[in-house]
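Content type JSON, C-alpha atoms, from the file final35.json:
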```
[["chain", "number", "residue", "atom", "x", "y", "z"],
["A", 293, "MET", "CA", -210.17, -58.54, -74.85],
["A", 294, "LYS", "CA", -206.97, -59.41, -73.12],
["A", 295, "GLY", "CA", -205.15, -62.71, -73.74],
["A", 296, "LYS", "CA", -206.59, -65.15, -71.19],
["A", 297, "ARG", "CA", -210.16, -63.83, -71.43],
["A", 298, "LEU", "CA", -209.98, -63.89, -75.24],
["A", 299, "TRP", "CA", -208.65, -67.46, -75.23],
["A", 300, "GLN", "CA", -211.40, -68.61, -72.83],
["A", 301, "THR", "CA", -214.09, -66.95, -74.95],
["A", 302, "LEU", "CA", -212.75, -68.61, -78.11],
["A", 303, "ARG", "CA", -212.67, -71.94, -76.28],
["A", 304, "LEU", "CA", -216.32, -71.49, -75.25],
["A", 305, "TYR", "CA", -217.32, -71.10, -78.90],
["A", 306, "SER", "CA", -216.00, -74.60, -79.59],
["A", 307, "ILE", "CA", -218.12, -76.17, -76.81],
["A", 308, "LEU", "CA", -221.63, -76.73, -78.19],
["A", 309, "GLU", "CA", -223.56, -77.76, -75.07],
["A", 310, "PRO", "CA", -224.31, -75.12, -72.39],
["A", 311, "VAL", "CA", -223.80, -77.54, -69.50],
["A", 312, "LYS", "CA", -220.36, -78.49, -70.84],
["A", 313, "ARG", "CA", -219.50, -74.79, -71.31],
["A", 314, "THR", "CA", -220.48, -74.22, -67.71],
["A", 315, "GLU", "CA", -218.26, -77.11, -66.59],
["A", 316, "TYR", "CA", -215.37, -75.50, -68.51],
["A", 317, "LEU", "CA", -216.04, -72.20, -66.70],
["A", 318, "ARG", "CA", -216.07, -73.96, -63.32],
["A", 319, "LYS", "CA", -212.97, -76.06, -64.02],
["A", 320, "ASN", "CA", -211.04, -72.96, -65.07],
["A", 321, "ASN", "CA", -212.21, -70.85, -62.11],
["A", 322, "VAL", "CA", -213.47, -68.09, -64.39],
["A", 323, "PHE", "CA", -215.97, -66.69, -61.83],
["A", 324, "ALA", "CA", -215.49, -65.97, -58.12],
["A", 325, "SER", "CA", -217.69, -69.03, -57.64],
["A", 326, "LEU", "CA", -219.94, -71.15, -59.83],
["A", 327, "GLY", "CA", -222.33, -73.64, -58.25],
["A", 328, "GLU", "CA", -223.45, -77.09, -59.28],
["A", 329, "ASN", "CA", -226.12, -77.96, -61.86],
["A", 330, "CYS", "CA", -225.84, -74.68, -63.77],
["A", 331, "SER", "CA", -226.23, -73.81, -67.42],
["A", 332, "ILE", "CA", -224.85, -70.67, -69.06],
["A", 333, "GLU", "CA", -225.86, -70.20, -72.69],
["A", 334, "ASP", "CA", -223.57, -67.30, -73.60],
["A", 335, "ARG", "CA", -220.05, -67.84, -74.84],
["A", 336, "ILE", "CA", -218.58, -64.48, -73.83],
["A", 337, "ILE", "CA", -216.56, -64.15, -70.64],
["A", 338, "PRO", "CA", -217.76, -61.02, -68.80],
["A", 339, "LEU", "CA", -215.19, -58.37, -67.94],
["A", 340, "TYR", "CA", -214.05, -58.76, -64.32],
["A", 341, "ALA", "CA", -215.65, -62.21, -64.07],
["A", 342, "LYS", "CA", -214.02, -62.73, -60.66],
["A", 343, "CYS", "CA", -216.55, -60.15, -59.37],
["A", 344, "ILE", "CA", -219.40, -62.58, -60.13],
["A", 345, "ARG", "CA", -220.73, -65.34, -57.90],
["A", 346, "ILE", "CA", -223.28, -67.83, -59.23],
["A", 347, "GLY", "CA", -225.09, -70.30, -56.97],
["A", 348, "ASP", "CA", -226.44, -73.82, -57.55],
["A", 349, "ASN", "CA", -229.21, -74.66, -60.03],
["A", 350, "VAL", "CA", -228.86, -71.47, -62.06],
["A", 351, "ARG", "CA", -229.91, -71.15, -65.70],
["A", 352, "LEU", "CA", -228.73, -68.10, -67.65],
["A", 353, "ALA", "CA", -230.49, -68.01, -71.04],
["A", 354, "SER", "CA", -228.85, -66.71, -74.19],
["A", 355, "HIS", "CA", -227.63, -63.12, -74.35],
["A", 356, "VAL", "CA", -227.64, -62.53, -70.59],
["A", 357, "LEU", "CA", -225.15, -59.75, -69.91],
["A", 358, "LEU", "CA", -223.35, -59.64, -66.57],
["A", 359, "VAL", "CA", -221.98, -56.09, -66.39],
["A", 360, "THR", "CA", -219.45, -55.57, -63.59],
["A", 361, "HIS", "CA", -218.29, -52.10, -64.59],
["A", 362, "ASP", "CA", -219.33, -48.66, -65.82],
["A", 363, "VAL", "CA", -217.29, -46.77, -68.37],
["A", 364, "SER", "CA", -219.17, -43.46, -68.13],
["A", 365, "TYR", "CA", -216.04, -41.99, -66.53],
["A", 366, "PHE", "CA", -214.60, -41.79, -70.05],
["A", 367, "VAL", "CA", -217.27, -39.27, -71.10],
["A", 368, "LEU", "CA", -216.92, -37.26, -67.88],
["A", 369, "ASN", "CA", -213.15, -37.08, -68.19],
["A", 370, "SER", "CA", -213.31, -36.15, -71.88],
["A", 371, "LEU", "CA", -215.44, -33.15, -70.87],
["A", 372, "GLY", "CA", -212.75, -32.10, -68.39],
["A", 373, "LEU", "CA", -215.02, -32.69, -65.38],
["A", 374, "LYS", "CA", -213.59, -33.53, -61.96],
["A", 375, "ASN", "CA", -215.07, -35.45, -59.04],
["A", 376, "ALA", "CA", -215.78, -33.94, -55.59],
["A", 377, "LYS", "CA", -212.08, -34.26, -54.68],
["A", 378, "GLY", "CA", -211.03, -32.39, -57.83],
["A", 379, "GLU", "CA", -209.70, -35.59, -59.45],
["A", 380, "ARG", "CA", -210.44, -37.24, -62.74],
["A", 381, "PHE", "CA", -213.18, -39.86, -62.62],
["A", 382, "GLY", "CA", -212.22, -43.53, -62.46],
["A", 383, "GLU", "CA", -213.92, -46.66, -63.71],
["A", 384, "LYS", "CA", -216.66, -47.92, -61.39],
["A", 385, "ILE", "CA", -216.45, -51.65, -60.70],
["A", 386, "GLY", "CA", -218.86, -53.75, -58.65],
["A", 387, "CYS", "CA", -219.96, -57.30, -57.90],
["A", 388, "ILE", "CA", -222.90, -59.46, -58.98],
["A", 389, "ASP", "CA", -224.20, -62.24, -56.72],
["A", 390, "ILE", "CA", -226.76, -64.71, -58.10],
["A", 391, "GLY", "CA", -228.32, -67.06, -55.54],
["A", 392, "ASN", "CA", -229.53, -70.66, -55.83],
["A", 393, "ASN", "CA", -232.43, -71.85, -58.00],
["A", 394, "VAL", "CA", -232.45, -68.88, -60.37],
["A", 395, "PHE", "CA", -233.55, -68.56, -63.98],
["A", 396, "VAL", "CA", -232.60, -65.45, -65.97],
["A", 397, "GLY", "CA", -234.43, -65.00, -69.28],
["A", 398, "THR", "CA", -232.87, -64.15, -72.62],
["A", 399, "ASN", "CA", -231.59, -60.64, -73.38],
["A", 400, "THR", "CA", -231.45, -59.67, -69.72],
["A", 401, "THR", "CA", -228.80, -57.31, -68.38],
["A", 402, "ILE", "CA", -227.64, -57.59, -64.77],
["A", 403, "LEU", "CA", -225.68, -54.56, -63.61],
["A", 404, "TYR", "CA", -222.97, -54.37, -60.95],
["A", 405, "ASP", "CA", -223.74, -54.12, -57.23],
["A", 406, "VAL", "CA", -226.78, -56.39, -57.64],
["A", 407, "LYS", "CA", -227.70, -59.41, -55.54],
["A", 408, "ILE", "CA", -230.32, -61.78, -56.88],
["A", 409, "GLY", "CA", -231.75, -63.95, -54.12],
["A", 410, "ASN", "CA", -232.66, -67.64, -54.03],
["A", 411, "ASN", "CA", -235.69, -69.04, -55.90],
["A", 412, "VAL", "CA", -235.90, -66.18, -58.37],
["A", 413, "ILE", "CA", -237.07, -65.91, -61.97],
["A", 414, "ILE", "CA", -236.06, -62.87, -64.04],
["A", 415, "GLY", "CA", -238.16, -62.35, -67.17],
["A", 416, "ALA", "CA", -236.66, -61.98, -70.64],
["A", 417, "GLY", "CA", -235.44, -58.53, -71.65],
["A", 418, "SER", "CA", -235.18, -57.23, -68.10],
["A", 419, "VAL", "CA", -232.58, -54.82, -66.76],
["A", 420, "VAL", "CA", -231.67, -55.68, -63.18],
["A", 421, "ASN", "CA", -230.17, -52.59, -61.54],
["A", 422, "HIS", "CA", -231.08, -53.30, -57.91],
["A", 423, "ASP", "CA", -231.29, -56.30, -55.58],
["A", 424, "ILE", "CA", -234.06, -58.85, -56.17],
["A", 425, "PRO", "CA", -235.21, -60.57, -52.96],
["A", 426, "ASP", "CA", -235.56, -64.31, -52.38],
["A", 427, "ASN", "CA", -238.67, -66.05, -53.69],
["A", 428, "SER", "CA", -239.51, -63.47, -56.35],
["A", 429, "VAL", "CA", -240.40, -63.14, -60.01],
["A", 430, "ALA", "CA", -239.14, -59.88, -61.54],
["A", 431, "VAL", "CA", -239.52, -58.41, -65.02],
["A", 432, "GLY", "CA", -239.11, -55.13, -66.84],
["A", 433, "VAL", "CA", -236.83, -52.17, -67.37],
["A", 434, "PRO", "CA", -235.88, -51.68, -64.63],
["A", 435, "ALA", "CA", -236.84, -55.08, -63.25],
["A", 436, "LYS", "CA", -239.63, -55.03, -60.69],
["A", 437, "VAL", "CA", -241.02, -57.85, -58.59],
["A", 438, "ILE", "CA", -244.42, -58.84, -60.02],
["A", 439, "CYS", "CA", -245.25, -61.85, -57.86],
["A", 440, "SER", "CA", -243.80, -64.32, -55.43],
["A", 441, "PHE", "CA", -242.08, -67.49, -56.51],
["A", 442, "ASP", "CA", -244.90, -69.52, -54.91],
["A", 443, "GLU", "CA", -247.54, -67.57, -56.88],
["A", 444, "PHE", "CA", -245.61, -68.30, -60.07],
["A", 445, "VAL", "CA", -245.46, -72.02, -59.22],
["A", 446, "GLN", "CA", -249.22, -72.08, -58.57],
["A", 447, "LYS", "CA", -249.92, -70.40, -61.90],
["A", 448, "ARG", "CA", -247.65, -72.82, -63.77],
["A", 449, "MET", "CA", -249.34, -75.79, -62.09],
["A", 450, "LYS", "CA", -252.59, -74.69, -63.77],
["A", 451, "ASP", "CA", -250.94, -74.37, -67.18],
["A", 452, "ARG", "CA", -250.60, -77.45, -69.33],
["A", 453, "SER", "CA", -247.47, -77.33, -71.43],
["A", 454, "TYR", "CA", -247.92, -80.09, -74.00],
["A", 455, "PRO", "CA", -248.82, -83.77, -73.91],
["A", 456, "ASP", "CA", -245.96, -86.00, -72.79],
["A", 457, "SER", "CA", -246.51, -88.19, -75.85],
["A", 458, "ILE", "CA", -245.31, -85.36, -78.15],
["A", 459, "SER", "CA", -242.63, -83.73, -76.00],
["A", 460, "THR", "CA", -239.40, -82.27, -77.34],
["A", 461, "ASN", "CA", -236.36, -84.48, -77.78],
["A", 462, "ASN", "CA", -233.06, -82.76, -77.00],
["A", 463, "GLN", "CA", -234.38, -79.41, -78.31],
["A", 464, "ILE", "CA", -235.86, -80.99, -81.45],
["A", 465, "ILE", "CA", -239.56, -80.34, -81.92],
["A", 466, "SER", "CA", -241.76, -82.75, -83.89],
["A", 467, "ASP", "CA", -244.30, -81.74, -86.54],
["A", 468, "LYS", "CA", -246.99, -83.10, -84.22],
["A", 469, "LEU", "CA", -245.90, -80.79, -81.40],
["A", 470, "ILE", "CA", -245.69, -77.82, -83.77],
["A", 471, "SER", "CA", -249.29, -78.50, -84.87],
["A", 472, "TRP", "CA", -250.39, -78.79, -81.23],
["A", 473, "CYS", "CA", -248.74, -75.43, -80.41],
["A", 474, "TRP", "CA", -250.53, -73.69, -83.30],
["A", 475, "GLU", "CA", -253.85, -75.22, -82.25],
["A", 476, "GLN", "CA", -253.39, -73.88, -78.72],
["A", 477, "PHE", "CA", -252.30, -70.49, -80.03],
["A", 478, "ASP", "CA", -255.35, -70.15, -82.30],
["A", 479, "LYS", "CA", -257.74, -71.50, -79.62],
["A", 480, "LYS", "CA", -256.78, -68.63, -77.26],
["A", 481, "ARG", "CA", -257.72, -66.10, -79.95],
["A", 482, "LYS", "CA", -261.22, -67.37, -80.76]]
```
Using structure tokens, write down the structure from this file.
Amino acid sequence: MKGKRLWQTLRLYSILEPVKRTEYLRKNNVFASLGENCSIEDRIIPLYAKCIRIGDNVRLASHVLLVTHDVSYFVLNSLGLKNAKGERFGEKIGCIDIGNNVFVGTNTTILYDVKIGNNVIIGAGSVVNHDIPDNSVAVGVPAKVICSFDEFVQKRMKDRSYPDSISTNNQIISDKLISWCWEQFDKKRK
């Protein structure tokens, strides 16, 4: 990592809360743009971060990789291959554009030249290598749209998370809620 990017990454490690890390990223103009009410879990500044735009109300879970480049040219050049013009291959660099009201699940990779629309949920462990349209839920490797955002909302409306009386408190889970979760887990398997 080069100087400024290394310093910013080290600084992010000292900021414990994701929302405060995101404010640091916005204040320091790390990305091309970074909207309001966002939360970025990771503490690593992506390479070529100025090639990334992030809209409002975006949540990037832990270990989401924003990959703005491709280093396969190194392998091609080491083999002595040339491009169509007879030149050595160069690094490929592209942009990532994430719309408004987006959640990206943990361990997801978003590759360059990808636009994620508004009102989108990307499932954990996905690899996003092509555009995802507005109002979609996408999962998989490569990520594929599996339902509309409205269908997802309807399904979630039928699901009961947990009783309000035993909800989490600032990411701390009570013994009572743990017991309730195990009861629900076992009930589904009977």
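Shortest separation to Gln300 of chain A among A:Lys319, A:Lys436, A:Lys482, A:Lys468 occurs at residue A:Lys319, atoms counted being all atoms listed in the file.
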Point-to-point distance in Å for atom CA of Ile438 of chain A and atom CA of Asp362 of chain A:
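Value for the atom CA of Asp362 of chain A-atom CA of Ile438 of chain A distance: 27.7 Å.
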Pick out the residues sitting within 12 Å of Phe323 of chain A, and hand them over as a ChimeraX atom specification; count only C-alpha atoms, and ignore anything fewer than 4 positions along from it in its own chain.
/A:297,314-319,327,337-347,358,360,387-390
Neighbouring residues of Tyr454 of chain A were defined as those with any atom within 10 Å, considering only C-alpha atoms; residues of the same chain fewer than 3 positions away were excluded. Please report them as a list in words.
Asp451, Ser457, Ile458, Ser459, Thr460, Leu469, Trp472, Cys473 and Gln476 of chain A
Within 6 Å of segment 408-426 of chain A, which residues of segment 302-401 of chain A show up? Give each one with its shortest atom-to-atom distance in Å (one decimal) and the two atoms involved, counting all atoms listed in the file, rows by chain then rising residue number, as CSV.
```
residue,atom,partner,partner_atom,distance
A:Ile390,CA,A:Ile408,CA,4.8
A:Gly391,CA,A:Asn410,CA,4.6
A:Asn392,CA,A:Asn410,CA,4.7
A:Asn393,CA,A:Asn411,CA,4.8
A:Val394,CA,A:Val412,CA,4.8
A:Phe395,CA,A:Ile413,CA,4.8
A:Val396,CA,A:Ile414,CA,4.7
A:Gly397,CA,A:Ala416,CA,4.0
A:Thr398,CA,A:Ala416,CA,4.8
A:Asn399,CA,A:Gly417,CA,4.7
A:Thr400,CA,A:Gly417,CA,4.6
A:Thr401,CA,A:Val419,CA,4.8
```
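Across A:Leu373, A:Cys439, A:Val433, A:Ile332, the tightest approach to Leu357 of chain A is made by A:Ile332 when counting only C-alpha atoms.
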Mind pulling up the distance from atom CA of Thr301 of chain A to atom CA of Arg335 of chain A?
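Atom CA of Thr301 of chain A lies at a distance of 6.0 Å from atom CA of Arg335 of chain A.
Closest approach to Tyr305 of chain A among A:Leu368, A:Asp334, A:Phe477, A:Asp442 is made by A:Asp334 (distances from all atoms listed in the file).
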Emit a file covering segment 376-392 of chain A of the preceding structure with all heavy atoms, as a compact mmCIF listing (two decimals), in the first residue's frame.
```
# COMPACT_ATOMS: atom_id res chain seq x y z
N ALA A 376 -3.66 -7.37 -29.20
CA ALA A 376 -3.97 -7.31 -30.63
C ALA A 376 -3.12 -6.28 -31.37
O ALA A 376 -2.88 -6.41 -32.58
CB ALA A 376 -5.45 -7.00 -30.84
N LYS A 377 -2.61 -5.27 -30.67
CA LYS A 377 -1.77 -4.24 -31.28
C LYS A 377 -0.29 -4.60 -31.21
O LYS A 377 0.56 -3.81 -31.59
CB LYS A 377 -1.99 -2.89 -30.60
CG LYS A 377 -3.39 -2.33 -30.78
CD LYS A 377 -3.52 -1.00 -30.05
CE LYS A 377 -4.90 -0.43 -30.19
NZ LYS A 377 -5.07 0.81 -29.44
N GLY A 378 0.01 -5.80 -30.68
CA GLY A 378 1.40 -6.23 -30.55
C GLY A 378 2.12 -5.60 -29.36
O GLY A 378 3.33 -5.62 -29.29
N GLU A 379 1.34 -5.07 -28.41
CA GLU A 379 1.92 -4.42 -27.22
C GLU A 379 1.75 -5.32 -26.00
O GLU A 379 0.93 -6.23 -25.98
CB GLU A 379 1.18 -3.10 -26.96
CG GLU A 379 1.22 -2.13 -28.12
CD GLU A 379 0.18 -1.02 -27.96
OE1 GLU A 379 -0.84 -1.24 -27.27
OE2 GLU A 379 0.39 0.05 -28.55
N ARG A 380 2.54 -5.00 -24.98
CA ARG A 380 2.36 -5.69 -23.71
C ARG A 380 0.99 -5.34 -23.13
O ARG A 380 0.45 -4.27 -23.40
CB ARG A 380 3.46 -5.27 -22.73
CG ARG A 380 4.85 -5.74 -23.13
CD ARG A 380 5.94 -5.19 -22.23
NE ARG A 380 5.76 -5.46 -20.81
CZ ARG A 380 6.14 -6.59 -20.19
NH1 ARG A 380 6.71 -7.55 -20.87
NH2 ARG A 380 5.96 -6.73 -18.89
N PHE A 381 0.44 -6.22 -22.34
CA PHE A 381 -0.84 -5.97 -21.71
C PHE A 381 -0.68 -4.99 -20.55
O PHE A 381 0.34 -4.97 -19.89
CB PHE A 381 -1.43 -7.29 -21.16
CG PHE A 381 -1.88 -8.23 -22.24
CD1 PHE A 381 -0.99 -9.16 -22.76
CD2 PHE A 381 -3.17 -8.18 -22.74
CE1 PHE A 381 -1.39 -10.03 -23.75
CE2 PHE A 381 -3.57 -9.05 -23.72
CZ PHE A 381 -2.68 -9.98 -24.24
N GLY A 382 -1.71 -4.18 -20.34
CA GLY A 382 -1.71 -3.23 -19.23
C GLY A 382 -2.77 -3.62 -18.20
O GLY A 382 -3.64 -4.45 -18.46
N GLU A 383 -2.67 -3.02 -17.05
CA GLU A 383 -3.64 -3.26 -15.99
C GLU A 383 -5.02 -2.78 -16.44
O GLU A 383 -5.15 -1.72 -17.05
CB GLU A 383 -3.21 -2.50 -14.72
CG GLU A 383 -4.12 -2.69 -13.56
CD GLU A 383 -3.63 -1.96 -12.32
OE1 GLU A 383 -2.84 -1.00 -12.45
OE2 GLU A 383 -4.05 -2.34 -11.22
N LYS A 384 -6.05 -3.55 -16.14
CA LYS A 384 -7.41 -3.15 -16.47
C LYS A 384 -8.02 -2.52 -15.22
O LYS A 384 -7.96 -3.10 -14.13
CB LYS A 384 -8.21 -4.37 -16.91
CG LYS A 384 -9.47 -4.00 -17.59
CD LYS A 384 -10.04 -5.16 -18.38
CE LYS A 384 -11.25 -4.62 -19.10
NZ LYS A 384 -12.07 -5.62 -19.65
N ILE A 385 -8.56 -1.33 -15.37
CA ILE A 385 -9.14 -0.59 -14.25
C ILE A 385 -10.56 -0.20 -14.64
O ILE A 385 -10.81 0.18 -15.79
CB ILE A 385 -8.32 0.68 -13.93
CG1 ILE A 385 -6.90 0.29 -13.52
CG2 ILE A 385 -8.99 1.49 -12.83
CD1 ILE A 385 -5.96 1.47 -13.39
N GLY A 386 -11.49 -0.30 -13.70
CA GLY A 386 -12.87 0.07 -13.97
C GLY A 386 -13.55 0.62 -12.73
O GLY A 386 -12.98 0.65 -11.64
N CYS A 387 -14.79 1.05 -12.91
CA CYS A 387 -15.54 1.70 -11.83
C CYS A 387 -16.60 0.77 -11.25
O CYS A 387 -17.05 -0.18 -11.89
CB CYS A 387 -16.22 2.95 -12.37
SG CYS A 387 -15.04 4.20 -12.93
N ILE A 388 -17.01 1.10 -10.03
CA ILE A 388 -18.10 0.43 -9.33
C ILE A 388 -19.06 1.51 -8.88
O ILE A 388 -18.65 2.50 -8.26
CB ILE A 388 -17.58 -0.36 -8.11
CG1 ILE A 388 -16.64 -1.50 -8.56
CG2 ILE A 388 -18.75 -0.91 -7.29
CD1 ILE A 388 -15.91 -2.18 -7.40
N ASP A 389 -20.35 1.32 -9.16
CA ASP A 389 -21.38 2.28 -8.77
C ASP A 389 -22.46 1.54 -7.99
O ASP A 389 -23.12 0.66 -8.54
CB ASP A 389 -21.96 2.95 -10.01
CG ASP A 389 -22.89 4.10 -9.70
OD1 ASP A 389 -23.04 4.47 -8.52
OD2 ASP A 389 -23.49 4.65 -10.66
N ILE A 390 -22.62 1.89 -6.72
CA ILE A 390 -23.62 1.27 -5.86
C ILE A 390 -24.71 2.29 -5.59
O ILE A 390 -24.43 3.38 -5.10
CB ILE A 390 -22.98 0.78 -4.54
CG1 ILE A 390 -21.87 -0.25 -4.83
CG2 ILE A 390 -24.04 0.20 -3.61
CD1 ILE A 390 -21.06 -0.66 -3.63
N GLY A 391 -25.95 1.95 -5.91
CA GLY A 391 -27.07 2.88 -5.80
C GLY A 391 -27.50 3.12 -4.36
O GLY A 391 -26.77 2.86 -3.40
N ASN A 392 -28.73 3.61 -4.20
CA ASN A 392 -29.31 3.93 -2.90
C ASN A 392 -30.07 2.72 -2.35
O ASN A 392 -30.62 1.92 -3.12
CB ASN A 392 -30.29 5.10 -3.02
CG ASN A 392 -29.61 6.36 -3.50
OD1 ASN A 392 -28.49 6.68 -3.10
ND2 ASN A 392 -30.27 7.08 -4.39
```
